[in-house]
$ cat data15.txt   # compact mmCIF, C-alpha atoms
# COMPACT_ATOMS: atom_id res chain seq x y z
CA MET A 1088 44.58 -1.44 62.66
CA ALA A 1089 47.61 0.30 61.18
CA GLY A 1090 46.87 3.84 60.05
CA LYS A 1091 43.78 4.20 62.24
CA SER A 1092 43.45 6.86 64.95
CA ILE A 1093 43.87 6.01 68.60
CA LEU A 1094 40.13 6.56 69.16
CA ILE A 1095 39.13 4.20 66.34
CA ARG A 1096 41.63 1.58 67.49
CA SER A 1097 40.13 1.78 70.98
CA LYS A 1098 36.59 1.36 69.64
CA LEU A 1099 37.62 -1.55 67.41
CA LYS A 1100 39.27 -3.26 70.37
CA LYS A 1101 36.03 -2.91 72.34
CA ALA A 1102 34.00 -4.22 69.39
CA GLN A 1103 36.32 -7.21 69.05
CA ALA A 1104 35.80 -8.02 72.72
CA PHE A 1105 32.05 -8.09 72.09
CA LEU A 1106 32.56 -10.33 69.04
CA ASN A 1107 34.68 -12.72 71.10
CA LYS A 1108 31.73 -13.04 73.51
CA ASN A 1109 29.28 -13.37 70.58
CA LYS A 1110 27.56 -10.14 71.59
CA LEU A 1111 26.68 -9.20 68.04
CA PRO A 1112 24.30 -6.26 68.64
CA GLU A 1113 26.89 -4.47 70.78
CA ALA A 1114 29.65 -5.09 68.22
CA LYS A 1115 27.34 -3.99 65.40
CA SER A 1116 26.57 -0.70 67.16
CA ILE A 1117 30.25 0.17 67.45
CA TYR A 1118 31.08 -0.82 63.87
CA GLU A 1119 28.18 1.25 62.58
CA GLN A 1120 29.46 4.29 64.46
CA ILE A 1121 32.92 3.87 62.95
CA TYR A 1122 31.62 3.05 59.47
CA ARG A 1123 29.60 6.28 59.23
CA THR A 1124 32.82 8.31 59.11
CA ASN A 1125 35.06 5.66 57.51
CA LYS A 1126 33.00 4.35 54.60
CA ASN A 1127 36.06 3.76 52.42
CA ASP A 1128 37.64 1.41 54.99
CA ILE A 1129 36.97 -2.01 53.46
CA ASP A 1130 37.94 -3.95 56.59
CA ILE A 1131 35.40 -2.11 58.73
CA GLY A 1132 32.75 -2.43 56.03
CA LEU A 1133 33.30 -6.16 55.54
CA THR A 1134 33.22 -6.83 59.27
CA LEU A 1135 29.96 -4.91 59.59
CA ALA A 1136 28.50 -6.86 56.66
CA ILE A 1137 29.51 -10.17 58.26
CA ILE A 1138 27.97 -9.14 61.60
CA ASN A 1139 24.74 -8.19 59.84
CA ARG A 1140 24.68 -11.53 58.03
CA LYS A 1141 25.22 -13.46 61.28
CA MET A 1142 22.34 -11.52 62.84
CA GLY A 1143 20.07 -12.37 59.91
CA LEU A 1144 19.94 -8.75 58.74
CA PHE A 1145 20.30 -9.60 55.08
CA ARG A 1146 19.01 -6.34 53.62
CA GLU A 1147 21.53 -4.43 55.70
CA THR A 1148 24.23 -6.87 54.60
CA GLU A 1149 23.32 -6.25 50.98
CA THR A 1150 23.38 -2.47 51.46
CA VAL A 1151 26.83 -2.47 53.04
CA CYS A 1152 28.26 -4.82 50.40
CA ARG A 1153 26.92 -2.77 47.51
CA HIS A 1154 28.45 0.36 49.03
CA ILE A 1155 31.82 -1.36 49.41
CA LEU A 1156 31.72 -2.49 45.78
CA ILE A 1157 31.46 1.13 44.59
CA SER A 1158 35.03 1.69 45.79
CA TYR A 1159 36.28 -1.90 45.61
CA PRO A 1160 34.51 -3.59 42.67
CA ASP A 1161 37.07 -6.38 42.44
CA ASN A 1162 37.02 -7.52 46.06
CA PRO A 1163 36.03 -11.22 45.94
CA MET A 1164 35.00 -11.52 49.60
CA THR A 1165 32.50 -8.68 49.24
CA HIS A 1166 30.89 -10.40 46.25
CA HIS A 1167 30.80 -13.64 48.25
CA ILE A 1168 29.09 -12.04 51.27
CA LEU A 1169 26.68 -10.24 48.95
CA GLY A 1170 25.84 -13.57 47.34
CA SER A 1171 25.04 -15.15 50.69
CA ALA A 1172 22.76 -12.23 51.60
CA LEU A 1173 20.92 -12.43 48.28
CA GLN A 1174 20.57 -16.19 48.69
CA CYS A 1175 18.94 -15.72 52.09
CA LEU A 1176 16.65 -13.07 50.60
CA GLY A 1177 15.50 -15.55 47.95
CA ASN A 1178 17.21 -13.80 45.04
CA MET A 1179 18.81 -16.93 43.62
CA ASP A 1180 19.81 -15.44 40.26
CA GLY A 1181 21.50 -12.53 42.01
CA ALA A 1182 23.21 -14.91 44.43
CA ILE A 1183 24.59 -17.05 41.60
CA ALA A 1184 25.88 -13.96 39.78
CA SER A 1185 27.62 -12.68 42.93
CA TYR A 1186 29.18 -16.06 43.75
CA GLN A 1187 30.36 -16.45 40.15
CA THR A 1188 32.00 -13.02 40.28
CA ALA A 1189 33.67 -13.89 43.59
CA LEU A 1190 35.03 -17.13 42.12
CA ARG A 1191 36.19 -15.43 38.94
CA LEU A 1192 38.20 -13.02 41.09
CA ASP A 1193 39.41 -15.73 43.50
CA PRO A 1194 38.80 -19.37 42.50
CA SER A 1195 40.23 -20.54 45.84
CA LEU A 1196 37.20 -19.42 47.88
CA SER A 1197 35.95 -22.80 49.07
CA GLU A 1198 32.99 -21.23 50.88
CA ALA A 1199 31.81 -19.58 47.65
CA HIS A 1200 31.95 -22.93 45.83
CA TYR A 1201 29.94 -24.45 48.68
CA PHE A 1202 27.27 -21.75 48.78
CA ILE A 1203 26.78 -21.60 45.03
CA GLY A 1204 26.41 -25.38 45.23
CA ASP A 1205 23.61 -24.84 47.74
CA VAL A 1206 21.86 -22.45 45.35
CA TYR A 1207 22.16 -24.92 42.49
CA LYS A 1208 20.82 -27.66 44.79
CA LEU A 1209 17.84 -25.53 45.86
CA THR A 1210 17.01 -24.64 42.26
CA GLY A 1211 17.12 -28.25 41.06
CA GLN A 1212 20.46 -28.07 39.25
CA ALA A 1213 21.89 -31.22 40.79
CA GLU A 1214 24.79 -31.76 38.37
CA ALA A 1215 25.99 -28.17 38.79
CA ALA A 1216 25.61 -28.48 42.57
CA ALA A 1217 27.70 -31.65 42.63
CA GLN A 1218 30.45 -29.99 40.61
CA SER A 1219 30.53 -26.98 42.96
CA TYR A 1220 30.63 -29.15 46.09
CA ARG A 1221 33.45 -31.21 44.59
CA LEU A 1222 35.45 -28.03 44.00
CA ALA A 1223 34.83 -26.94 47.60
CA VAL A 1224 36.06 -30.30 48.88
CA LYS A 1225 39.08 -30.25 46.57
CA LEU A 1226 40.11 -26.94 48.13
CA LYS A 1227 39.19 -28.01 51.67
CA PRO A 1228 39.19 -31.82 52.03
CA ASP A 1229 37.77 -31.77 55.57
CA PHE A 1230 34.81 -29.58 54.59
CA VAL A 1231 32.11 -31.79 56.15
CA GLU A 1232 29.18 -29.62 55.10
CA ALA A 1233 30.28 -29.76 51.47
CA LEU A 1234 30.88 -33.51 51.67
CA ASN A 1235 27.47 -34.03 53.23
CA ASN A 1236 25.65 -31.95 50.64
CA LEU A 1237 27.60 -33.61 47.84
CA GLY A 1238 26.46 -36.97 49.21
CA ALA A 1239 22.84 -35.78 49.27
CA VAL A 1240 23.03 -34.55 45.68
CA LEU A 1241 24.58 -37.80 44.51
CA ILE A 1242 21.73 -39.67 46.19
CA SER A 1243 19.25 -37.53 44.26
CA LEU A 1244 21.14 -38.44 41.09
CA HIS A 1245 20.94 -42.15 42.05
CA GLN A 1246 24.73 -42.37 42.18
CA LEU A 1247 24.55 -44.44 45.35
CA ASP A 1248 28.05 -45.93 45.41
CA ASP A 1249 29.66 -42.51 45.01
CA ALA A 1250 27.31 -41.06 47.63
CA ARG A 1251 28.20 -43.82 50.10
CA GLU A 1252 31.92 -43.14 49.60
CA ILE A 1253 31.49 -39.39 50.12
CA LEU A 1254 29.27 -39.76 53.20
CA THR A 1255 31.72 -42.27 54.69
CA LYS A 1256 34.47 -39.64 54.37
CA ALA A 1257 32.25 -37.08 56.10
CA ASP A 1258 31.42 -39.52 58.90
CA LYS A 1259 35.10 -40.25 59.52
CA ILE A 1260 35.88 -36.54 59.82
CA ARG A 1261 32.88 -35.76 62.03
CA PRO A 1262 31.39 -38.92 63.55
CA ASN A 1263 27.71 -38.90 64.51
CA CYS A 1264 26.81 -35.80 62.53
CA GLU A 1265 22.99 -35.85 62.39
CA GLN A 1266 22.69 -34.73 58.78
CA VAL A 1267 25.29 -37.21 57.55
CA LEU A 1268 23.57 -40.08 59.37
CA CYS A 1269 20.18 -39.04 58.01
CA ASN A 1270 21.60 -38.91 54.49
CA PHE A 1271 22.88 -42.46 54.96
CA GLY A 1272 19.30 -43.35 55.82
CA ASP A 1273 18.03 -41.70 52.63
CA LEU A 1274 20.65 -43.62 50.66
CA TYR A 1275 19.57 -46.99 52.05
CA LEU A 1276 15.90 -46.11 51.61
CA LEU A 1277 16.52 -45.46 47.92
CA ASP A 1278 18.52 -48.70 47.77
CA ASN A 1279 15.46 -50.47 49.24
CA LYS A 1280 17.38 -51.55 52.36
CA LEU A 1281 14.63 -50.42 54.68
CA GLU A 1282 15.81 -51.88 57.98
CA LYS A 1283 19.26 -50.37 57.51
CA ALA A 1284 17.66 -47.03 56.61
CA LEU A 1285 15.54 -47.23 59.77
CA THR A 1286 18.64 -47.91 61.86
CA TYR A 1287 20.20 -44.67 60.64
CA ALA A 1288 17.00 -42.73 61.30
CA GLU A 1289 16.86 -44.03 64.87
CA LYS A 1290 20.56 -43.34 65.40
CA THR A 1291 20.02 -39.76 64.24
CA LEU A 1292 17.15 -39.26 66.71
CA LYS A 1293 19.22 -40.63 69.59
CA ILE A 1294 21.66 -37.80 68.93
CA ASN A 1295 19.00 -35.15 68.31
CA LYS A 1296 15.40 -36.03 69.21
CA ASN A 1297 14.13 -32.93 67.36
CA PHE A 1298 15.79 -33.64 64.03
CA PHE A 1299 13.01 -32.97 61.54
CA GLU A 1300 14.52 -34.83 58.57
CA ALA A 1301 14.86 -38.03 60.61
CA TYR A 1302 11.12 -38.12 61.37
CA CYS A 1303 10.42 -37.54 57.67
CA LEU A 1304 12.77 -40.40 56.84
CA LYS A 1305 11.03 -42.70 59.33
CA GLY A 1306 7.67 -41.76 57.84
CA LYS A 1307 8.85 -42.67 54.35
CA ILE A 1308 10.38 -45.95 55.53
CA HIS A 1309 7.28 -47.09 57.42
CA ASN A 1310 5.07 -46.00 54.54
CA GLN A 1311 7.10 -48.12 52.16
CA GLN A 1312 6.94 -51.03 54.62
CA GLY A 1313 3.17 -50.65 54.77
CA VAL A 1314 3.24 -49.93 58.51
CA TYR A 1315 0.96 -46.94 58.20
CA ASP A 1316 0.28 -46.25 61.89
CA LYS A 1317 4.01 -45.85 62.55
CA ALA A 1318 4.38 -43.76 59.40
CA LEU A 1319 1.64 -41.42 60.62
CA ASP A 1320 3.24 -41.18 64.07
CA SER A 1321 6.55 -40.16 62.48
CA TYR A 1322 4.94 -37.62 60.16
CA ASN A 1323 2.96 -36.15 63.05
CA TYR A 1324 6.17 -35.67 65.05
CA ALA A 1325 7.62 -33.95 62.00
CA LEU A 1326 4.57 -31.68 61.76
CA GLN A 1327 5.05 -30.61 65.36
CA LEU A 1328 8.49 -29.35 64.35
CA GLN A 1329 7.43 -27.80 61.03
CA PRO A 1330 3.61 -27.44 61.03
CA GLU A 1331 3.28 -26.21 57.45
CA ASN A 1332 5.75 -28.49 55.69
CA GLU A 1333 4.12 -29.47 52.40
CA ALA A 1334 6.14 -32.67 51.93
CA VAL A 1335 4.99 -34.02 55.30
CA ILE A 1336 1.38 -33.01 54.68
CA GLY A 1337 1.61 -34.74 51.29
CA GLY A 1338 3.03 -37.88 52.93
CA ILE A 1339 0.11 -38.02 55.38
CA ALA A 1340 -2.39 -37.51 52.55
CA GLN A 1341 -0.76 -40.35 50.61
CA ILE A 1342 -1.20 -42.72 53.57
CA PHE A 1343 -4.88 -41.86 53.97
CA GLU A 1344 -5.36 -42.42 50.23
CA LYS A 1345 -3.74 -45.86 50.50
CA ARG A 1346 -6.03 -46.68 53.42
CA ARG A 1347 -9.09 -45.64 51.45
CA GLU A 1348 -7.99 -47.82 48.53
CA PHE A 1349 -7.42 -50.75 50.90
CA ASP A 1350 -10.83 -50.31 52.56
CA ALA A 1351 -12.56 -50.11 49.17
CA ALA A 1352 -10.88 -53.25 47.89

$ encode --input "data15.txt" --output "structure tokens"
Amino acid sequence: MAGKSILIRSKLKKAQAFLNKNKLPEAKSIYEQIYRTNKNDIDIGLTLAIINRKMGLFRETETVCRHILISYPDNPMTHHILGSALQCLGNMDGAIASYQTALRLDPSLSEAHYFIGDVYKLTGQAEAAAQSYRLAVKLKPDFVEALNNLGAVLISLHQLDDAREILTKADKIRPNCEQVLCNFGDLYLLDNKLEKALTYAEKTLKINKNFFEAYCLKGKIHNQQGVYDKALDSYNYALQLQPENEAVIGGIAQIFEKRREFDAA
């Protein structure tokens, strides 16, 4: 707060107290008041952008970041936050460009490696995603989210031994993480070890009974086992959590098609 007036320091102290209590709207209101008359203060601008992002106000996040970049075009954190806002807005090309700029300016931003990996994963660029997640983990070895997503990508690439090793590391750092356990289930499903896959699905649901991916996993396992009633039960639970999920609806349709084929035989 060096160089700031007594009034601004007082307001920032009050805003920080709200942030400490996770009262984001109150903190946002104060930061907006200060930012209106201090638009060249990058610290205030970045904090406001981060608050907006946490509140899901991605357009406002983008607006603040773009204003900051007029005066500070080479600030890597601003490009990183802008990338995350664009990603949430569905502008994947813009997100990749922003993350790449952030990493060109500061290659040590593990979060930027992680988030650009997510974009690559979402857009079907599995090899690029794996490379980005590996860089994130290299910078931050206990980065469970990056380890978990790397494991998931390696499963999609059918690199099961590498995926198992990565997920085991994640599980040691954060035991009983639902997503890690569910990814183990996906791994064993792909490896055709159905009972072991089912064990991981059940273990996940004991931790979180509303974990959507675990019901999807159970549906796929039971479908592959030919236990269609149980598969439908699992998919229906999943639909209660995400009523318009196309993958689940497709899974149910596939079961009914198999039943029709069986009845016609």

$ atom_distance --input "data15.txt" --atom1 "atom CA of A:Leu1192" --atom2 "atom CA of A:Leu1156"
13.2 Å

$ closest_atom_pairs --input "data15.txt" --of "stretch 1227-1264 of chain A" --to "stretch 1283-1293 of chain A" --cutoff "12 Å" --atoms "all atoms listed in the file" --output "CSV"
residue,atom,partner,partner_atom,distance
A:Pro1262,CA,A:Thr1291,CA,11.4
A:Asn1263,CA,A:Thr1291,CA,7.7
A:Cys1264,CA,A:Thr1291,CA,8.0

$ residues_around --input "data15.txt" --residues "A:Lys1345" --least-positions-apart "5" --cutoff "12 Å" --atoms "all atoms listed in the file" --output "PyMOL selection string"
chain A and resi 1310-1311+1313-1315+1338-1340+1350-1352

$ atom_distance --input "data15.txt" --atom1 "atom CA of A:Gly1170" --atom2 "atom CA of A:Glu1198"
11.1 Å

$ atom_distance --input "data15.txt" --atom1 "atom CA of A:Lys1296" --atom2 "atom CA of A:Arg1261"
18.9 Å

$ residues_around --input "data15.txt" --residues "A:Leu1169" --least-positions-apart "2" --cutoff "9 Å" --atoms "all atoms listed in the file" --output "PyMOL selection string"
chain A and resi 1136+1145+1148-1153+1164-1167+1171-1174+1181-1182+1185-1186

$ residues_around --input "data15.txt" --residues "A:Gly1306" --least-positions-apart "2" --cutoff "7 Å" --atoms "all atoms listed in the file" --output "short mmCIF file (atom, residue, chain, number, x, y, z; two decimals) with C-alpha atoms, in the coordinates of the input"
data_model
loop_
_atom_site.label_atom_id
_atom_site.label_comp_id
_atom_site.auth_asym_id
_atom_site.auth_seq_id
_atom_site.Cartn_x
_atom_site.Cartn_y
_atom_site.Cartn_z
CA TYR A 1302 11.12 -38.12 61.37
CA CYS A 1303 10.42 -37.54 57.67
CA LEU A 1304 12.77 -40.40 56.84
CA ILE A 1308 10.38 -45.95 55.53
CA HIS A 1309 7.28 -47.09 57.42
CA ASN A 1310 5.07 -46.00 54.54
CA ALA A 1318 4.38 -43.76 59.40
CA LEU A 1319 1.64 -41.42 60.62
CA SER A 1321 6.55 -40.16 62.48
CA TYR A 1322 4.94 -37.62 60.16
#

$ closest_residue --input "data15.txt" --among "A:Asp1249, A:Asp1258, A:Glu1265, A:Asp1320" --to "A:Val1231" --atoms "only C-alpha atoms"
A:Asp1258

$ axis_aligned_box --input "data15.txt" --around "stretch 1320-1339 of chain A" --padding-each-side "6 Å" --output "lines of an AutoDock Vina configuration file"
center_x = 4.3
center_y = -33.7
center_z = 58.3
size_x = 20.4
size_y = 27.0
size_z = 26.1

$ residues_around --input "data15.txt" --residues "A:His1200" --least-positions-apart "6" --cutoff "7 Å" --atoms "all atoms listed in the file" --output "PyMOL selection string"
chain A and resi 1219-1220+1222-1223

$ residues_near_point --input "data15.txt" --point "(31.5, 3.7, 66.6)" --cutoff "10 Å" --atoms "only C-alpha atoms" --output "JSON list (two decimals) with C-alpha atoms, in the coordinates of the input"
[["chain", "number", "residue", "atom", "x", "y", "z"],
["A", 1094, "LEU", "CA", 40.13, 6.56, 69.16],
["A", 1095, "ILE", "CA", 39.13, 4.20, 66.34],
["A", 1097, "SER", "CA", 40.13, 1.78, 70.98],
["A", 1098, "LYS", "CA", 36.59, 1.36, 69.64],
["A", 1099, "LEU", "CA", 37.62, -1.55, 67.41],
["A", 1101, "LYS", "CA", 36.03, -2.91, 72.34],
["A", 1102, "ALA", "CA", 34.00, -4.22, 69.39],
["A", 1114, "ALA", "CA", 29.65, -5.09, 68.22],
["A", 1115, "LYS", "CA", 27.34, -3.99, 65.40],
["A", 1116, "SER", "CA", 26.57, -0.70, 67.16],
["A", 1117, "ILE", "CA", 30.25, 0.17, 67.45],
["A", 1118, "TYR", "CA", 31.08, -0.82, 63.87],
["A", 1119, "GLU", "CA", 28.18, 1.25, 62.58],
["A", 1120, "GLN", "CA", 29.46, 4.29, 64.46],
["A", 1121, "ILE", "CA", 32.92, 3.87, 62.95],
["A", 1122, "TYR", "CA", 31.62, 3.05, 59.47],
["A", 1123, "ARG", "CA", 29.60, 6.28, 59.23],
["A", 1124, "THR", "CA", 32.82, 8.31, 59.11],
["A", 1125, "ASN", "CA", 35.06, 5.66, 57.51]]

$ residues_around --input "data15.txt" --residues "A:Lys1208" --least-positions-apart "2" --cutoff "12 Å" --atoms "all atoms listed in the file" --output "PyMOL selection string"
chain A and resi 1179+1183+1201-1206+1210-1220+1233+1236-1241+1243-1244

$ build_atoms --input "data15.txt" --residues "stretch 1218-1230 of chain A" --atoms "N, CA and C atoms" --output "PDB file, in the frame of the given file"
ATOM      1  N   GLN A1218      29.163 -30.512  41.071  1.00  0.00           N
ATOM      2  CA  GLN A1218      30.450 -29.990  40.610  1.00  0.00           C
ATOM      3  C   GLN A1218      30.982 -28.924  41.570  1.00  0.00           C
ATOM      4  N   SER A1219      30.101 -28.037  42.046  1.00  0.00           N
ATOM      5  CA  SER A1219      30.530 -26.980  42.960  1.00  0.00           C
ATOM      6  C   SER A1219      30.982 -27.564  44.300  1.00  0.00           C
ATOM      7  N   TYR A1220      30.232 -28.522  44.826  1.00  0.00           N
ATOM      8  CA  TYR A1220      30.630 -29.150  46.090  1.00  0.00           C
ATOM      9  C   TYR A1220      31.968 -29.879  45.948  1.00  0.00           C
ATOM     10  N   ARG A1221      32.174 -30.513  44.806  1.00  0.00           N
ATOM     11  CA  ARG A1221      33.450 -31.210  44.590  1.00  0.00           C
ATOM     12  C   ARG A1221      34.619 -30.210  44.593  1.00  0.00           C
ATOM     13  N   LEU A1222      34.404 -29.054  43.993  1.00  0.00           N
ATOM     14  CA  LEU A1222      35.450 -28.030  44.000  1.00  0.00           C
ATOM     15  C   LEU A1222      35.715 -27.524  45.412  1.00  0.00           C
ATOM     16  N   ALA A1223      34.657 -27.372  46.205  1.00  0.00           N
ATOM     17  CA  ALA A1223      34.830 -26.940  47.600  1.00  0.00           C
ATOM     18  C   ALA A1223      35.648 -27.960  48.383  1.00  0.00           C
ATOM     19  N   VAL A1224      35.357 -29.244  48.167  1.00  0.00           N
ATOM     20  CA  VAL A1224      36.060 -30.300  48.880  1.00  0.00           C
ATOM     21  C   VAL A1224      37.503 -30.432  48.395  1.00  0.00           C
ATOM     22  N   LYS A1225      37.714 -30.196  47.110  1.00  0.00           N
ATOM     23  CA  LYS A1225      39.080 -30.250  46.570  1.00  0.00           C
ATOM     24  C   LYS A1225      39.952 -29.187  47.243  1.00  0.00           C
ATOM     25  N   LEU A1226      39.374 -28.024  47.478  1.00  0.00           N
ATOM     26  CA  LEU A1226      40.110 -26.940  48.130  1.00  0.00           C
ATOM     27  C   LEU A1226      40.243 -27.164  49.635  1.00  0.00           C
ATOM     28  N   LYS A1227      39.235 -27.815  50.218  1.00  0.00           N
ATOM     29  CA  LYS A1227      39.190 -28.010  51.670  1.00  0.00           C
ATOM     30  C   LYS A1227      38.688 -29.420  51.941  1.00  0.00           C
ATOM     31  N   PRO A1228      39.601 -30.412  51.953  1.00  0.00           N
ATOM     32  CA  PRO A1228      39.190 -31.820  52.030  1.00  0.00           C
ATOM     33  C   PRO A1228      38.385 -32.204  53.265  1.00  0.00           C
ATOM     34  N   ASP A1229      38.512 -31.444  54.353  1.00  0.00           N
ATOM     35  CA  ASP A1229      37.770 -31.770  55.570  1.00  0.00           C
ATOM     36  C   ASP A1229      36.483 -30.943  55.709  1.00  0.00           C
ATOM     37  N   PHE A1230      35.994 -30.423  54.622  1.00  0.00           N
ATOM     38  CA  PHE A1230      34.810 -29.580  54.590  1.00  0.00           C
ATOM     39  C   PHE A1230      33.568 -30.487  54.694  1.00  0.00           C
TER      40      PHE A1230
END
